[in-house]
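Peer 1: File name my_file.cif; file contents mmCIF, C-alpha atoms; chains and numbers go by the auth columns; full text below.
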```cif
data_upload
loop_
_atom_site.group_PDB
_atom_site.id
_atom_site.type_symbol
_atom_site.label_atom_id
_atom_site.label_comp_id
_atom_site.label_asym_id
_atom_site.label_seq_id
_atom_site.Cartn_x
_atom_site.Cartn_y
_atom_site.Cartn_z
_atom_site.B_iso_or_equiv
_atom_site.auth_seq_id
_atom_site.auth_asym_id
ATOM 1 C CA MET A 1 147.724 80.055 140.279 0.00 60 A
ATOM 2 C CA LEU A 2 149.641 81.587 137.361 0.00 61 A
ATOM 3 C CA TYR A 3 147.220 84.499 136.965 0.00 62 A
ATOM 4 C CA VAL A 4 146.797 85.028 140.703 0.00 63 A
ATOM 5 C CA GLU A 5 150.579 85.345 140.970 0.00 64 A
ATOM 6 C CA ARG A 6 150.681 87.804 138.075 0.00 65 A
ATOM 7 C CA TRP A 7 147.981 89.971 139.651 0.00 66 A
ATOM 8 C CA LEU A 8 149.800 90.031 142.978 0.00 67 A
ATOM 9 C CA LYS A 9 153.128 90.938 141.365 0.00 68 A
ATOM 10 C CA ALA A 10 151.756 93.442 138.835 0.00 69 A
ATOM 11 C CA GLY A 11 153.369 96.837 139.243 0.00 70 A
ATOM 12 C CA ILE A 12 151.864 100.316 139.206 0.00 71 A
ATOM 13 C CA VAL A 13 152.131 102.913 136.429 0.00 72 A
ATOM 14 C CA PRO A 14 151.200 106.386 137.763 0.00 73 A
ATOM 15 C CA GLN A 15 150.388 109.394 135.570 0.00 74 A
ATOM 16 C CA ASP A 16 154.052 110.286 135.086 0.00 75 A
ATOM 17 C CA GLY A 17 154.549 106.946 133.287 0.00 76 A
ATOM 18 C CA MET A 18 157.211 105.585 135.629 0.00 77 A
ATOM 19 C CA HIS A 19 156.738 101.904 136.472 0.00 78 A
ATOM 20 C CA ILE A 20 156.764 101.054 140.186 0.00 79 A
ATOM 21 C CA ASP A 21 157.172 97.482 141.410 0.00 80 A
ATOM 22 C CA ARG A 22 154.696 96.425 144.070 0.00 81 A
ATOM 23 C CA LEU A 23 155.840 93.844 146.607 0.00 82 A
ATOM 24 C CA THR A 24 152.723 93.319 148.746 0.00 83 A
ATOM 25 C CA GLY A 25 148.947 93.574 148.590 0.00 84 A
ATOM 26 C CA THR A 26 146.391 93.366 145.800 0.00 85 A
ATOM 27 C CA PRO A 27 145.963 95.996 143.054 0.00 86 A
ATOM 28 C CA GLN A 28 144.043 98.872 144.654 0.00 87 A
ATOM 29 C CA GLY A 29 140.678 99.416 142.971 0.00 88 A
ATOM 30 C CA SER A 30 141.071 96.577 140.475 0.00 89 A
ATOM 31 C CA VAL A 31 138.272 94.143 139.626 0.00 90 A
ATOM 32 C CA ILE A 32 140.324 91.211 140.912 0.00 91 A
ATOM 33 C CA SER A 33 140.997 92.664 144.386 0.00 92 A
ATOM 34 C CA PRO A 34 137.655 91.704 146.030 0.00 93 A
ATOM 35 C CA LEU A 35 138.012 88.136 144.705 0.00 94 A
ATOM 36 C CA LEU A 36 141.580 87.782 145.977 0.00 95 A
ATOM 37 C CA ALA A 37 140.591 89.329 149.309 0.00 96 A
ATOM 38 C CA ASN A 38 137.678 86.883 149.626 0.00 97 A
ATOM 39 C CA ILE A 39 139.937 83.895 148.991 0.00 98 A
ATOM 40 C CA PHE A 40 142.547 85.047 151.504 0.00 99 A
ATOM 41 C CA MET A 41 140.129 86.262 154.197 0.00 100 A
ATOM 42 C CA HIS A 42 138.062 83.093 153.964 0.00 101 A
ATOM 43 C CA VAL A 43 141.059 81.179 155.254 0.00 102 A
ATOM 44 C CA CYS A 44 142.698 83.637 157.634 0.00 103 A
ATOM 45 C CA PHE A 45 139.485 85.133 159.108 0.00 104 A
ATOM 46 C CA ASP A 46 136.266 83.213 158.385 0.00 105 A
ATOM 47 C CA LYS A 47 137.618 79.770 159.247 0.00 106 A
ATOM 48 C CA TRP A 48 139.458 81.175 162.260 0.00 107 A
ATOM 49 C CA MET A 49 136.238 82.733 163.574 0.00 108 A
ATOM 50 C CA ASP A 50 134.328 79.481 163.001 0.00 109 A
ATOM 51 C CA LYS A 51 136.925 77.566 164.972 0.00 110 A
ATOM 52 C CA PHE A 52 137.755 79.906 167.870 0.00 111 A
ATOM 53 C CA HIS A 53 134.757 82.275 168.132 0.00 112 A
ATOM 54 C CA PRO A 54 131.730 80.424 166.709 0.00 113 A
ATOM 55 C CA GLU A 55 129.372 82.298 169.071 0.00 114 A
ATOM 56 C CA LYS A 56 130.207 85.689 167.497 0.00 115 A
ATOM 57 C CA PRO A 57 128.132 86.408 164.354 0.00 116 A
ATOM 58 C CA PHE A 58 129.827 88.541 161.696 0.00 117 A
ATOM 59 C CA GLU A 59 129.402 89.887 158.173 0.00 118 A
ATOM 60 C CA ARG A 60 132.264 90.226 155.737 0.00 119 A
ATOM 61 C CA TYR A 61 132.512 91.590 152.213 0.00 120 A
ATOM 62 C CA ALA A 62 136.071 91.337 150.844 0.00 121 A
ATOM 63 C CA ASP A 63 138.120 93.094 153.551 0.00 122 A
ATOM 64 C CA ASP A 64 135.221 94.931 155.243 0.00 123 A
ATOM 65 C CA VAL A 65 134.102 93.110 158.394 0.00 124 A
ATOM 66 C CA VAL A 66 131.521 93.713 161.124 0.00 125 A
ATOM 67 C CA VAL A 67 131.672 91.465 164.215 0.00 126 A
ATOM 68 C CA HIS A 68 128.763 91.533 166.681 0.00 127 A
ATOM 69 C CA CYS A 69 129.391 91.446 170.436 0.00 128 A
ATOM 70 C CA LYS A 70 126.927 91.603 173.306 0.00 129 A
ATOM 71 C CA THR A 71 129.024 93.584 175.790 0.00 130 A
ATOM 72 C CA GLU A 72 131.746 96.224 175.855 0.00 131 A
ATOM 73 C CA LYS A 73 134.138 93.703 177.432 0.00 132 A
ATOM 74 C CA GLN A 74 133.542 91.246 174.591 0.00 133 A
ATOM 75 C CA ALA A 75 134.111 93.947 171.963 0.00 134 A
ATOM 76 C CA ILE A 76 137.454 95.022 173.465 0.00 135 A
ATOM 77 C CA PHE A 77 138.577 91.391 173.753 0.00 136 A
ATOM 78 C CA MET A 78 137.575 90.545 170.157 0.00 137 A
ATOM 79 C CA LEU A 79 139.317 93.616 168.773 0.00 138 A
ATOM 80 C CA LYS A 80 142.580 92.499 170.373 0.00 139 A
ATOM 81 C CA GLN A 81 142.092 88.910 169.182 0.00 140 A
ATOM 82 C CA ILE A 82 141.352 89.941 165.583 0.00 141 A
ATOM 83 C CA ASP A 83 144.291 92.339 165.528 0.00 142 A
ATOM 84 C CA ALA A 84 146.647 89.580 166.692 0.00 143 A
ATOM 85 C CA ARG A 85 145.208 87.083 164.215 0.00 144 A
ATOM 86 C CA LEU A 86 145.548 89.381 161.211 0.00 145 A
ATOM 87 C CA ARG A 87 149.108 90.297 162.165 0.00 146 A
ATOM 88 C CA LYS A 88 149.968 86.598 162.031 0.00 147 A
ATOM 89 C CA CYS A 89 148.582 86.622 158.479 0.00 148 A
ATOM 90 C CA ASN A 90 150.721 89.672 157.590 0.00 149 A
ATOM 91 C CA LEU A 91 147.686 91.979 157.587 0.00 150 A
ATOM 92 C CA THR A 92 146.966 95.071 159.669 0.00 151 A
ATOM 93 C CA LEU A 93 143.713 96.676 160.770 0.00 152 A
ATOM 94 C CA HIS A 94 142.882 100.027 159.202 0.00 153 A
ATOM 95 C CA PRO A 95 143.826 102.581 161.901 0.00 154 A
ATOM 96 C CA GLU A 96 140.882 104.927 161.175 0.00 155 A
ATOM 97 C CA LYS A 97 138.106 102.591 160.047 0.00 156 A
ATOM 98 C CA THR A 98 138.614 99.997 162.785 0.00 157 A
ATOM 99 C CA LYS A 99 136.546 100.901 165.832 0.00 158 A
ATOM 100 C CA ILE A 100 134.063 99.741 168.436 0.00 159 A
ATOM 101 C CA VAL A 101 130.532 101.023 167.824 0.00 160 A
ATOM 102 C CA ASN A 102 127.726 100.941 170.381 0.00 161 A
ATOM 103 C CA VAL A 103 124.416 100.689 168.526 0.00 162 A
ATOM 104 C CA LYS A 104 122.489 99.247 171.466 0.00 163 A
ATOM 105 C CA GLY A 105 123.201 99.079 175.183 0.00 164 A
ATOM 106 C CA LYS A 106 125.295 100.768 177.862 0.00 165 A
ATOM 107 C CA SER A 107 129.061 101.060 178.162 0.00 166 A
ATOM 108 C CA GLU A 108 131.627 102.642 180.456 0.00 167 A
ATOM 109 C CA LYS A 109 133.389 104.454 177.615 0.00 168 A
ATOM 110 C CA LYS A 110 131.700 106.612 175.005 0.00 169 A
ATOM 111 C CA TYR A 111 131.720 105.000 171.559 0.00 170 A
ATOM 112 C CA PRO A 112 130.370 106.083 168.161 0.00 171 A
ATOM 113 C CA LYS A 113 126.673 105.293 167.718 0.00 172 A
ATOM 114 C CA SER A 114 126.732 104.474 164.007 0.00 173 A
ATOM 115 C CA TYR A 115 128.866 102.945 161.272 0.00 174 A
ATOM 116 C CA ASP A 116 128.769 102.635 157.484 0.00 175 A
ATOM 117 C CA PHE A 117 128.789 99.255 155.760 0.00 176 A
ATOM 118 C CA LEU A 118 128.216 98.473 152.075 0.00 177 A
ATOM 119 C CA GLY A 119 126.510 101.770 151.329 0.00 178 A
ATOM 120 C CA PHE A 120 124.331 101.790 154.450 0.00 179 A
ATOM 121 C CA THR A 121 124.543 103.595 157.775 0.00 180 A
ATOM 122 C CA ILE A 122 123.576 101.399 160.724 0.00 181 A
ATOM 123 C CA ARG A 123 122.476 103.393 163.766 0.00 182 A
ATOM 124 C CA PRO A 124 119.949 103.147 166.632 0.00 183 A
ATOM 125 C CA GLN A 125 116.359 104.190 166.005 0.00 184 A
ATOM 126 C CA TRP A 126 113.289 104.218 168.226 0.00 185 A
ATOM 127 C CA VAL A 127 110.760 101.701 166.923 0.00 186 A
ATOM 128 C CA ILE A 128 107.583 100.135 168.273 0.00 187 A
ATOM 129 C CA ALA A 129 108.284 96.461 169.027 0.00 188 A
ATOM 130 C CA LYS A 130 105.924 94.195 170.975 0.00 189 A
ATOM 131 C CA GLY A 131 103.700 97.183 171.685 0.00 190 A
ATOM 132 C CA LYS A 132 106.358 99.370 173.296 0.00 191 A
ATOM 133 C CA PRO A 133 109.076 101.751 172.080 0.00 192 A
ATOM 134 C CA MET A 134 112.539 100.198 171.786 0.00 193 A
ATOM 135 C CA LEU A 135 115.913 101.485 170.620 0.00 194 A
ATOM 136 C CA LEU A 136 117.051 99.065 167.921 0.00 195 A
ATOM 137 C CA PRO A 137 119.763 99.126 165.245 0.00 196 A
ATOM 138 C CA SER A 138 118.289 100.219 161.891 0.00 197 A
ATOM 139 C CA MET A 139 119.629 100.566 158.345 0.00 198 A
ATOM 140 C CA PHE A 140 119.656 103.789 156.338 0.00 199 A
ATOM 141 C CA MET A 141 121.173 104.778 153.039 0.00 200 A
ATOM 142 C CA SER A 142 124.502 106.388 153.924 0.00 201 A
ATOM 143 C CA GLN A 143 125.093 110.046 153.136 0.00 202 A
ATOM 144 C CA LYS A 144 128.063 109.060 150.973 0.00 203 A
ATOM 145 C CA SER A 145 125.784 106.814 148.902 0.00 204 A
ATOM 146 C CA LYS A 146 123.169 109.562 148.610 0.00 205 A
ATOM 147 C CA ASN A 147 125.787 112.029 147.410 0.00 206 A
ATOM 148 C CA SER A 148 127.056 109.513 144.865 0.00 207 A
ATOM 149 C CA VAL A 149 123.568 108.834 143.469 0.00 208 A
ATOM 150 C CA MET A 150 122.635 112.515 143.316 0.00 209 A
ATOM 151 C CA GLU A 151 125.934 113.278 141.576 0.00 210 A
ATOM 152 C CA LYS A 152 125.108 110.603 138.999 0.00 211 A
ATOM 153 C CA PHE A 153 121.718 112.202 138.335 0.00 212 A
ATOM 154 C CA ARG A 154 123.433 115.591 137.990 0.00 213 A
ATOM 155 C CA GLU A 155 125.941 114.238 135.461 0.00 214 A
ATOM 156 C CA LEU A 156 123.117 112.827 133.315 0.00 215 A
ATOM 157 C CA ASN A 157 122.015 116.399 132.447 0.00 216 A
ATOM 158 C CA ILE A 158 118.398 115.286 132.191 0.00 217 A
ATOM 159 C CA HIS A 159 117.115 118.813 131.545 0.00 218 A
ATOM 160 C CA LYS A 160 119.244 119.134 128.387 0.00 219 A
ATOM 161 C CA ARG A 161 117.853 116.048 126.678 0.00 220 A
ATOM 162 C CA ARG A 162 115.662 116.899 123.722 0.00 221 A
ATOM 163 C CA LYS A 163 113.486 113.800 123.673 0.00 222 A
ATOM 164 C CA SER A 164 110.151 112.681 125.083 0.00 223 A
ATOM 165 C CA LEU A 165 109.612 112.062 128.787 0.00 224 A
ATOM 166 C CA GLU A 166 108.876 108.420 127.932 0.00 225 A
ATOM 167 C CA ALA A 167 112.277 108.068 126.236 0.00 226 A
ATOM 168 C CA ILE A 168 113.998 109.611 129.278 0.00 227 A
ATOM 169 C CA ALA A 169 112.094 107.181 131.529 0.00 228 A
ATOM 170 C CA ASP A 170 113.338 104.245 129.444 0.00 229 A
ATOM 171 C CA GLU A 171 116.947 105.401 129.968 0.00 230 A
ATOM 172 C CA LEU A 172 116.591 106.087 133.686 0.00 231 A
ATOM 173 C CA ARG A 173 114.440 103.088 134.616 0.00 232 A
ATOM 174 C CA PRO A 174 117.303 100.538 135.044 0.00 233 A
ATOM 175 C CA ILE A 175 119.284 103.025 137.172 0.00 234 A
ATOM 176 C CA ILE A 176 116.317 103.939 139.372 0.00 235 A
ATOM 177 C CA GLN A 177 115.170 100.340 139.762 0.00 236 A
ATOM 178 C CA GLY A 178 118.678 99.232 140.714 0.00 237 A
ATOM 179 C CA ILE A 179 118.824 101.848 143.493 0.00 238 A
ATOM 180 C CA ILE A 180 115.381 100.825 144.753 0.00 239 A
ATOM 181 C CA ASN A 181 116.255 97.112 144.694 0.00 240 A
ATOM 182 C CA TYR A 182 119.378 97.667 146.791 0.00 241 A
ATOM 183 C CA TYR A 183 118.486 100.469 149.192 0.00 242 A
ATOM 184 C CA CYS A 184 114.706 100.114 149.604 0.00 243 A
ATOM 185 C CA LYS A 185 114.338 96.407 150.370 0.00 244 A
ATOM 186 C CA PHE A 186 113.179 97.032 153.957 0.00 245 A
ATOM 187 C CA SER A 187 112.279 100.737 153.966 0.00 246 A
ATOM 188 C CA SER A 188 112.227 103.626 151.509 0.00 247 A
ATOM 189 C CA ASN A 189 111.717 106.656 153.774 0.00 248 A
ATOM 190 C CA HIS A 190 115.453 107.294 154.040 0.00 249 A
ATOM 191 C CA THR A 191 115.725 107.701 150.238 0.00 250 A
ATOM 192 C CA ARG A 192 113.184 110.531 149.840 0.00 251 A
ATOM 193 C CA GLU A 193 115.973 113.093 149.453 0.00 252 A
ATOM 194 C CA ILE A 194 117.335 111.539 146.245 0.00 253 A
ATOM 195 C CA TRP A 195 113.862 111.014 144.712 0.00 254 A
ATOM 196 C CA ASN A 196 112.877 114.614 145.473 0.00 255 A
ATOM 197 C CA GLN A 197 116.050 115.767 143.745 0.00 256 A
ATOM 198 C CA LEU A 198 115.314 113.566 140.734 0.00 257 A
ATOM 199 C CA ASN A 199 111.782 114.978 140.504 0.00 258 A
ATOM 200 C CA THR A 200 113.280 118.475 140.621 0.00 259 A
ATOM 201 C CA ARG A 201 115.499 117.585 137.657 0.00 260 A
ATOM 202 C CA LEU A 202 112.510 116.199 135.752 0.00 261 A
ATOM 203 C CA LEU A 203 110.653 119.436 136.503 0.00 262 A
ATOM 204 C CA LYS A 204 113.598 121.380 135.080 0.00 263 A
ATOM 205 C CA TRP A 205 113.341 119.270 131.916 0.00 264 A
ATOM 206 C CA VAL A 206 109.656 120.247 131.605 0.00 265 A
ATOM 207 C CA LYS A 207 110.538 123.946 131.938 0.00 266 A
ATOM 208 C CA TRP A 208 113.227 123.697 129.248 0.00 267 A
ATOM 209 C CA GLU A 209 111.394 121.373 126.862 0.00 268 A
ATOM 210 C CA LYS A 210 107.906 122.849 127.130 0.00 269 A
ATOM 211 C CA GLY A 211 108.895 126.467 127.754 0.00 270 A
ATOM 212 C CA LEU A 212 106.698 126.733 130.825 0.00 271 A
ATOM 213 C CA TYR A 213 107.032 128.678 134.046 0.00 272 A
ATOM 214 C CA LYS A 214 107.395 126.830 137.356 0.00 273 A
ATOM 215 C CA LYS A 215 103.719 126.489 138.334 0.00 274 A
ATOM 216 C CA ALA A 216 102.703 125.440 134.836 0.00 275 A
ATOM 217 C CA SER A 217 105.585 122.939 134.773 0.00 276 A
ATOM 218 C CA VAL A 218 104.442 121.430 138.068 0.00 277 A
ATOM 219 C CA ARG A 219 100.887 121.054 136.717 0.00 278 A
ATOM 220 C CA TRP A 220 102.201 119.435 133.504 0.00 279 A
ATOM 221 C CA LEU A 221 104.335 116.908 135.395 0.00 280 A
ATOM 222 C CA LYS A 222 101.541 116.073 137.856 0.00 281 A
ATOM 223 C CA LYS A 223 99.190 115.496 134.928 0.00 282 A
ATOM 224 C CA LYS A 224 101.757 113.119 133.431 0.00 283 A
ATOM 225 C CA TYR A 225 101.963 111.303 136.765 0.00 284 A
ATOM 226 C CA LYS A 226 98.180 110.825 136.868 0.00 285 A
ATOM 227 C CA GLU A 227 98.225 109.466 133.300 0.00 286 A
ATOM 228 C CA ALA A 228 101.156 107.084 133.918 0.00 287 A
ATOM 229 C CA PRO A 229 101.965 106.749 137.644 0.00 288 A
ATOM 230 C CA LEU A 230 104.448 103.921 136.960 0.00 289 A
ATOM 231 C CA LEU A 231 106.379 105.743 134.232 0.00 290 A
ATOM 232 C CA PHE A 232 109.313 106.225 136.622 0.00 291 A
ATOM 233 C CA PRO A 233 109.821 103.495 139.274 0.00 292 A
ATOM 234 C CA HIS A 234 110.496 106.034 142.035 0.00 293 A
ATOM 235 C CA TRP A 235 107.077 107.635 141.536 0.00 294 A
ATOM 236 C CA LYS A 236 105.706 104.734 143.596 0.00 295 A
ATOM 237 C CA LEU A 237 107.719 106.135 146.524 0.00 296 A
ATOM 238 C CA VAL A 238 107.699 109.914 145.960 0.00 297 A
ATOM 239 C CA TYR A 239 105.294 111.381 143.444 0.00 298 A
ATOM 240 C CA PRO A 240 106.165 114.621 141.615 0.00 299 A
#
```
Could you rewrite the structure in this file as structure tokens?

Peer 2:
Amino acid sequence: MLYVERWLKAGIVPQDGMHIDRLTGTPQGSVISPLLANIFMHVCFDKWMDKFHPEKPFERYADDVVVHCKTEKQAIFMLKQIDARLRKCNLTLHPEKTKIVNVKGKSEKKYPKSYDFLGFTIRPQWVIAKGKPMLLPSMFMSQKSKNSVMEKFRELNIHKRRKSLEAIADELRPIIQGIINYYCKFSSNHTREIWNQLNTRLLKWVKWEKGLYKKASVRWLKKKYKEAPLLFPHWKLVYP
């Protein structure tokens, strides 16, 4: 309780060095914030949902919540109920992020067809189910997540590293495998963009390191792939 209180009362020191006292909320962006949010939301939201709306499934991570409703009427009702409940707990819904999304079904009003949650974009997709095409909610790596991953690969400056391809693979393997483990559990097609970009950066390394032109670099990298197809984990998904 002592350290929780200290975290909640800790002030803010901006770049100008002036200390600012903070009276409410958890430290924005701090490592403790998700934990404190989980403790608080477990009581004021999770338990409340279990008691008053047990038929409504939901997912929550810290203060990000998705509640599933079957009809437009249910969604409007639940939004009002959740807003009232959080206000009683001295919390407010985010005015821009809070919204009703229609990923399956018909409605009188026009709602967004997709939403982002924990690095994924959930949106409708035509799939074959029980032998016939159906429009079902599906998960894709969000564009924000793709941009973040591709920016990370760019910052690594792979093409400037003067070491063997095997040594580069050893450095990149934990990063690549982590991305695959999180984003490719159910499908990998939506990640082809980032793997193609990574292969392009590896090709640039070949051009710099081996002093080859583009076509010769492509042949060299493809030969390496045939010799060791599992050298980079993403080569199982998109070969160079």

Peer 1: Using CA of Cys148 in chain A and CA of Tyr62 in chain A as the two end points, give the distance in Å to one decimal.

Peer 2: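 CA of Cys148 in chain A sits 21.7 Å away from CA of Tyr62 in chain A.
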
Peer 1: Could you pull the residues within 12 Å of Glu214 in chain A, counting only C-alpha atoms, minus those fewer than 6 positions along the same chain, as a list in words?

Peer 2: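 My reading of the contact set: Ser207, Val208, Leu257 and Arg260 of chain A.
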
Peer 1: So what do you get for CA of Pro171 in chain A versus CA of Lys132 in chain A, distance-wise?

Peer 2: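 Calculated distance between CA of Pro171 in chain A and CA of Lys132 in chain A is 15.9 Å.
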
Peer 1: Enumerate, as a list in words, the residues matched when the PyMOL selection byres ((chain A and resi 69) around 10) is run on the file above.

Peer 2: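 Answer for the PyMOL selection byres ((chain A and resi 69) around 10): Val63, Glu64, Arg65, Trp66, Leu67, Lys68, Gly70, Ile71, Val72, Ile79, Asp80, Arg81, Leu82, Thr83, Thr85 and Pro86 of chain A.
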
Peer 1: Which residues, written as a ChimeraX atom specification, have at least one atom at most 8 Å from Tyr242 in chain A, with only C-alpha atoms counted and residues fewer than 6 positions away on the same chain left out?

Peer 2: /A:179,199-200,250

Peer 1: Need to verify the contact set: Ile217 in chain A, 12 Å, all atoms listed in the file, exclusion of same-chain residues closer than 6 positions in sequence. Can you return it as an MDAnalysis selection string?

Peer 2: chainID A and resid 211 223:224 226:228 230:231 256:268

Peer 1: Pull out every residue that the PyMOL selection byres ((chain A and resi 117-129) around 7) matches in the shown coordinates and put them as a list in words.

Peer 2: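 Taken over the shown coordinates, the PyMOL selection byres ((chain A and resi 117-129) around 7) returns Pro93, Ala96, Asn97, Lys115, Pro116, Thr130, Gln133 and Ala134 of chain A.
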
Peer 1: Which residue is closest to Lys163 in chain A? Choose from A:Leu290, A:Ile135, A:Leu194, A:Leu150 and count all atoms listed in the file.

Peer 2: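 Among the listed residues, A:Leu194 lies closest to Lys163 in chain A.
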